[in-house]
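The file final08.txt contains compact mmCIF, N, CA and C atoms and all ligand atoms:
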# COMPACT_ATOMS: atom_id res chain seq x y z
N MET A 1 0.84 -1.20 0.00
CA MET A 1 0.00 0.00 0.00
C MET A 1 0.87 1.25 0.00
N LYS A 2 0.47 2.23 -0.77
CA LYS A 2 1.31 3.43 -0.79
C LYS A 2 0.75 4.47 0.18
N PRO A 3 1.66 5.11 0.89
CA PRO A 3 1.19 6.12 1.84
C PRO A 3 0.68 7.34 1.10
N GLY A 4 -0.37 7.96 1.63
CA GLY A 4 -0.87 9.19 1.05
C GLY A 4 -0.24 10.38 1.74
N ILE A 5 -0.49 11.55 1.18
CA ILE A 5 -0.04 12.78 1.83
C ILE A 5 -1.26 13.45 2.43
N CYS A 6 -1.19 13.71 3.68
CA CYS A 6 -2.32 14.36 4.35
C CYS A 6 -2.58 15.73 3.72
N GLN A 7 -3.83 15.98 3.34
CA GLN A 7 -4.19 17.23 2.67
C GLN A 7 -4.39 18.39 3.66
N SER A 8 -3.99 18.15 4.89
CA SER A 8 -4.01 19.23 5.86
C SER A 8 -2.61 19.57 6.34
N CYS A 9 -1.85 18.54 6.76
CA CYS A 9 -0.54 18.84 7.34
C CYS A 9 0.61 18.57 6.38
N GLY A 10 0.34 17.91 5.25
CA GLY A 10 1.38 17.70 4.25
C GLY A 10 2.34 16.58 4.56
N LEU A 11 2.08 15.83 5.62
CA LEU A 11 2.96 14.72 5.97
C LEU A 11 2.37 13.42 5.46
N PRO A 12 3.22 12.46 5.12
CA PRO A 12 2.72 11.17 4.63
C PRO A 12 1.97 10.43 5.74
N PHE A 13 0.92 9.74 5.38
CA PHE A 13 0.26 8.89 6.36
C PHE A 13 -0.04 7.53 5.75
N THR A 14 -0.18 6.53 6.60
CA THR A 14 -0.42 5.17 6.15
C THR A 14 -1.86 4.77 6.49
N ASP A 15 -2.24 3.57 6.13
CA ASP A 15 -3.59 3.08 6.45
C ASP A 15 -3.86 3.11 7.95
N GLU A 16 -2.79 2.95 8.73
CA GLU A 16 -2.95 2.92 10.19
C GLU A 16 -3.17 4.31 10.77
N SER A 17 -2.79 5.33 10.01
CA SER A 17 -2.93 6.68 10.58
C SER A 17 -3.87 7.55 9.76
N LYS A 18 -4.85 6.91 9.12
CA LYS A 18 -5.86 7.67 8.39
C LYS A 18 -6.82 8.35 9.35
N GLY A 19 -7.28 9.54 8.98
CA GLY A 19 -8.31 10.20 9.76
C GLY A 19 -9.64 9.49 9.61
N THR A 20 -10.61 9.91 10.41
CA THR A 20 -11.92 9.27 10.35
C THR A 20 -13.01 10.25 9.95
N ASN A 21 -13.89 9.79 9.08
CA ASN A 21 -15.02 10.60 8.66
C ASN A 21 -16.14 10.52 9.69
N ARG A 22 -17.15 11.38 9.52
CA ARG A 22 -18.27 11.41 10.44
C ARG A 22 -18.94 10.04 10.59
N ASP A 23 -18.98 9.30 9.49
CA ASP A 23 -19.63 7.98 9.54
C ASP A 23 -18.65 6.87 9.92
N GLN A 24 -17.52 7.25 10.47
CA GLN A 24 -16.51 6.32 10.96
C GLN A 24 -15.77 5.55 9.86
N THR A 25 -15.99 5.94 8.60
CA THR A 25 -15.15 5.39 7.55
C THR A 25 -13.82 6.14 7.59
N GLU A 26 -12.85 5.58 6.87
CA GLU A 26 -11.52 6.20 6.89
C GLU A 26 -11.44 7.32 5.86
N SER A 27 -10.75 8.36 6.22
CA SER A 27 -10.54 9.46 5.31
C SER A 27 -9.40 9.14 4.36
N GLU A 28 -9.62 9.43 3.09
CA GLU A 28 -8.55 9.21 2.11
C GLU A 28 -7.67 10.45 1.99
N ASP A 29 -8.10 11.53 2.59
CA ASP A 29 -7.41 12.81 2.40
C ASP A 29 -6.60 13.27 3.60
N TYR A 30 -7.03 12.86 4.80
CA TYR A 30 -6.41 13.45 5.98
C TYR A 30 -5.93 12.38 6.96
N CYS A 31 -4.90 12.75 7.73
CA CYS A 31 -4.38 11.82 8.73
C CYS A 31 -5.12 11.99 10.05
N ILE A 32 -4.89 11.02 10.91
CA ILE A 32 -5.61 10.98 12.19
C ILE A 32 -5.25 12.15 13.10
N ASN A 33 -4.07 12.72 12.90
CA ASN A 33 -3.67 13.86 13.72
C ASN A 33 -4.44 15.12 13.35
N CYS A 34 -4.96 15.14 12.13
CA CYS A 34 -5.63 16.34 11.65
C CYS A 34 -7.14 16.22 11.63
N PHE A 35 -7.65 15.02 11.43
CA PHE A 35 -9.05 14.86 11.09
C PHE A 35 -9.66 13.67 11.82
N GLN A 36 -10.62 13.94 12.70
CA GLN A 36 -11.27 12.86 13.44
C GLN A 36 -12.77 13.08 13.46
N ASN A 37 -13.54 12.01 13.19
CA ASN A 37 -15.00 12.06 13.21
C ASN A 37 -15.57 13.16 12.33
N GLY A 38 -14.91 13.38 11.20
CA GLY A 38 -15.44 14.34 10.23
C GLY A 38 -15.09 15.78 10.51
N ASN A 39 -14.27 16.04 11.53
CA ASN A 39 -13.88 17.41 11.84
C ASN A 39 -12.37 17.54 11.93
N PHE A 40 -11.89 18.72 11.62
CA PHE A 40 -10.48 18.98 11.86
C PHE A 40 -10.24 19.05 13.36
N VAL A 41 -9.14 18.44 13.78
CA VAL A 41 -8.82 18.41 15.21
C VAL A 41 -8.62 19.82 15.74
N GLU A 42 -7.95 20.64 14.95
CA GLU A 42 -7.76 22.04 15.34
C GLU A 42 -8.29 22.93 14.22
N PRO A 43 -9.60 23.22 14.26
CA PRO A 43 -10.25 23.91 13.14
C PRO A 43 -9.70 25.30 12.87
N SER A 44 -9.12 25.94 13.87
CA SER A 44 -8.67 27.31 13.66
C SER A 44 -7.18 27.40 13.36
N LEU A 45 -6.58 26.24 13.17
CA LEU A 45 -5.15 26.20 12.89
C LEU A 45 -4.82 26.97 11.61
N SER A 46 -3.75 27.73 11.65
CA SER A 46 -3.32 28.45 10.45
C SER A 46 -2.06 27.81 9.89
N LEU A 47 -1.76 28.15 8.67
CA LEU A 47 -0.55 27.60 8.05
C LEU A 47 0.68 27.92 8.88
N ARG A 48 0.73 29.14 9.37
CA ARG A 48 1.88 29.55 10.18
C ARG A 48 2.03 28.69 11.42
N GLU A 49 0.89 28.37 12.03
CA GLU A 49 0.94 27.54 13.23
C GLU A 49 1.42 26.13 12.90
N ILE A 50 1.01 25.63 11.76
CA ILE A 50 1.48 24.31 11.34
C ILE A 50 2.99 24.34 11.14
N GLU A 51 3.47 25.38 10.50
CA GLU A 51 4.91 25.49 10.29
C GLU A 51 5.65 25.52 11.62
N ALA A 52 5.11 26.26 12.58
CA ALA A 52 5.72 26.33 13.90
C ALA A 52 5.76 24.96 14.55
N LYS A 53 4.66 24.21 14.38
CA LYS A 53 4.59 22.85 14.92
C LYS A 53 5.69 21.97 14.34
N TYR A 54 5.88 22.09 13.04
CA TYR A 54 6.92 21.28 12.40
C TYR A 54 8.28 21.53 13.04
N PHE A 55 8.60 22.81 13.19
CA PHE A 55 9.92 23.13 13.73
C PHE A 55 10.05 22.69 15.18
N GLU A 56 8.93 22.73 15.88
CA GLU A 56 8.91 22.22 17.24
C GLU A 56 9.23 20.72 17.23
N LYS A 57 8.57 20.00 16.34
CA LYS A 57 8.81 18.56 16.20
C LYS A 57 10.27 18.26 15.88
N VAL A 58 10.82 19.04 14.94
CA VAL A 58 12.21 18.84 14.55
C VAL A 58 13.11 19.05 15.76
N LYS A 59 12.82 20.12 16.49
CA LYS A 59 13.65 20.47 17.64
C LYS A 59 13.59 19.38 18.71
N LYS A 60 12.38 18.85 18.92
CA LYS A 60 12.20 17.83 19.96
C LYS A 60 12.53 16.43 19.47
N ASN A 61 12.91 16.33 18.19
CA ASN A 61 13.27 15.03 17.65
C ASN A 61 12.09 14.06 17.61
N GLU A 62 10.92 14.55 17.22
CA GLU A 62 9.73 13.71 17.22
C GLU A 62 9.47 13.08 15.86
N GLY A 63 10.48 12.50 15.31
CA GLY A 63 10.30 11.74 14.08
C GLY A 63 10.18 12.56 12.82
N LEU A 64 10.60 13.82 12.88
CA LEU A 64 10.54 14.66 11.70
C LEU A 64 11.91 15.32 11.52
N THR A 65 12.47 15.18 10.35
CA THR A 65 13.75 15.84 10.09
C THR A 65 13.50 17.23 9.54
N LEU A 66 14.50 18.06 9.63
CA LEU A 66 14.38 19.43 9.12
C LEU A 66 14.03 19.40 7.63
N GLU A 67 14.65 18.47 6.94
CA GLU A 67 14.41 18.34 5.50
C GLU A 67 12.94 18.00 5.22
N GLU A 68 12.41 17.05 6.00
CA GLU A 68 11.00 16.66 5.83
C GLU A 68 10.08 17.82 6.16
N ALA A 69 10.43 18.57 7.18
CA ALA A 69 9.62 19.71 7.57
C ALA A 69 9.59 20.75 6.44
N GLN A 70 10.74 21.02 5.89
CA GLN A 70 10.81 22.02 4.82
C GLN A 70 10.06 21.55 3.58
N GLU A 71 10.16 20.26 3.32
CA GLU A 71 9.46 19.67 2.18
C GLU A 71 7.94 19.82 2.37
N ALA A 72 7.47 19.51 3.57
CA ALA A 72 6.04 19.59 3.87
C ALA A 72 5.56 21.04 3.77
N ILE A 73 6.36 21.96 4.28
CA ILE A 73 5.97 23.37 4.27
C ILE A 73 5.83 23.89 2.84
N LYS A 74 6.70 23.37 1.98
CA LYS A 74 6.65 23.78 0.58
C LYS A 74 5.32 23.41 -0.09
N ILE A 75 4.79 22.24 0.27
CA ILE A 75 3.57 21.79 -0.41
C ILE A 75 2.29 22.23 0.30
N LEU A 76 2.43 22.75 1.51
CA LEU A 76 1.23 23.13 2.28
C LEU A 76 0.21 23.96 1.49
N PRO A 77 0.65 25.04 0.82
CA PRO A 77 -0.35 25.88 0.14
C PRO A 77 -1.07 25.19 -1.01
N THR A 78 -0.58 24.04 -1.44
CA THR A 78 -1.23 23.33 -2.54
C THR A 78 -2.23 22.30 -2.04
N LEU A 79 -2.30 22.11 -0.74
CA LEU A 79 -3.15 21.07 -0.19
C LEU A 79 -4.61 21.51 -0.12
N LYS A 80 -5.50 20.51 -0.17
CA LYS A 80 -6.93 20.76 -0.19
C LYS A 80 -7.42 21.71 0.89
N ARG A 81 -6.88 21.52 2.09
CA ARG A 81 -7.38 22.33 3.21
C ARG A 81 -7.01 23.79 3.06
N TRP A 82 -5.93 24.09 2.37
CA TRP A 82 -5.38 25.44 2.38
C TRP A 82 -5.52 26.20 1.08
N LYS A 83 -5.62 25.51 -0.03
CA LYS A 83 -5.49 26.24 -1.28
C LYS A 83 -6.66 27.15 -1.57
N ILE A 84 -7.80 26.95 -0.91
CA ILE A 84 -8.93 27.84 -1.14
C ILE A 84 -8.85 29.10 -0.27
N ARG A 85 -7.93 29.09 0.70
CA ARG A 85 -7.83 30.23 1.60
C ARG A 85 -6.84 31.25 1.06
N GLU A 86 -7.13 32.51 1.31
CA GLU A 86 -6.24 33.54 0.80
C GLU A 86 -5.43 34.20 1.90
N ASP A 87 -5.80 33.92 3.12
CA ASP A 87 -5.20 34.68 4.22
C ASP A 87 -4.05 33.98 4.91
N PHE A 88 -3.18 33.39 4.13
CA PHE A 88 -1.99 32.83 4.80
C PHE A 88 -0.73 33.58 4.42
ZN ZN A 101 -2.41 15.56 8.79
Could you write out this file's structure as structure tokens?
Ligand SMILES: [Zn+2]
Amino acid sequence: MKPGICQSCGLPFTDESKGTNRDQTESEDYCINCFQNGNFVEPSLSLREIEAKYFEKVKKNEGLTLEEAQEAIKILPTLKRWKIREDF
């Protein structure tokens, strides 16, 4: 199975870390950290806050390298959750 890219946080996710839809089916677009029971976990999250989170993760060594963080940040504005917004 190929991992997808979460359309909210830009990080790869696997079948085990898929988000959940309102009807408890698995989300094909979002990971479990971003999307649960049909809602975004942090609905008011901004792109800037996500970027800050990445760097926090890198600093704390939570399984994200600086390179991965920069890669994810690059694609963030193209993701489903963000590309319709103009205020980032
Ligand atoms: Zn995500």
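In this model, the gap between atom CA of Leu66 of chain A and atom C of Asn33 of chain A comes to 19.8 Å.
For ligand ZN 101 (chain A), the neighbouring protein, DNA and RNA residues, which are those within 8 Å when only C-alpha atoms and all ligand atoms are counted, are Ile5, Cys6, Gln7, Ser8, Cys9, Gly10, Leu11, Pro12, Phe13, Tyr30, Cys31, Ile32, Asn33, Cys34 and Phe35 of chain A.
Picture a line from atom N of Glu49 of chain A to atom C of Thr14 of chain A; it runs 24.4 Å.
For the pair atom C of Trp82 of chain A and atom C of Gly63 of chain A, the interatomic distance is 23.9 Å.
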Alpha helix (DSSP H) call set, DSSP backbone run, chain A, as a ChimeraX atom specification: /A:47-60,66-75
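Look at Phe55 of chain A: the protein and nucleic acid residues within 8 Å of it, using all atoms listed in the file and passing over chain neighbours fewer than 4 places away, are A:Glu49, A:Ile50, A:Glu51, A:Lys59, A:Lys60, A:Asn61, A:Leu66, A:Ala69, A:Gln70.
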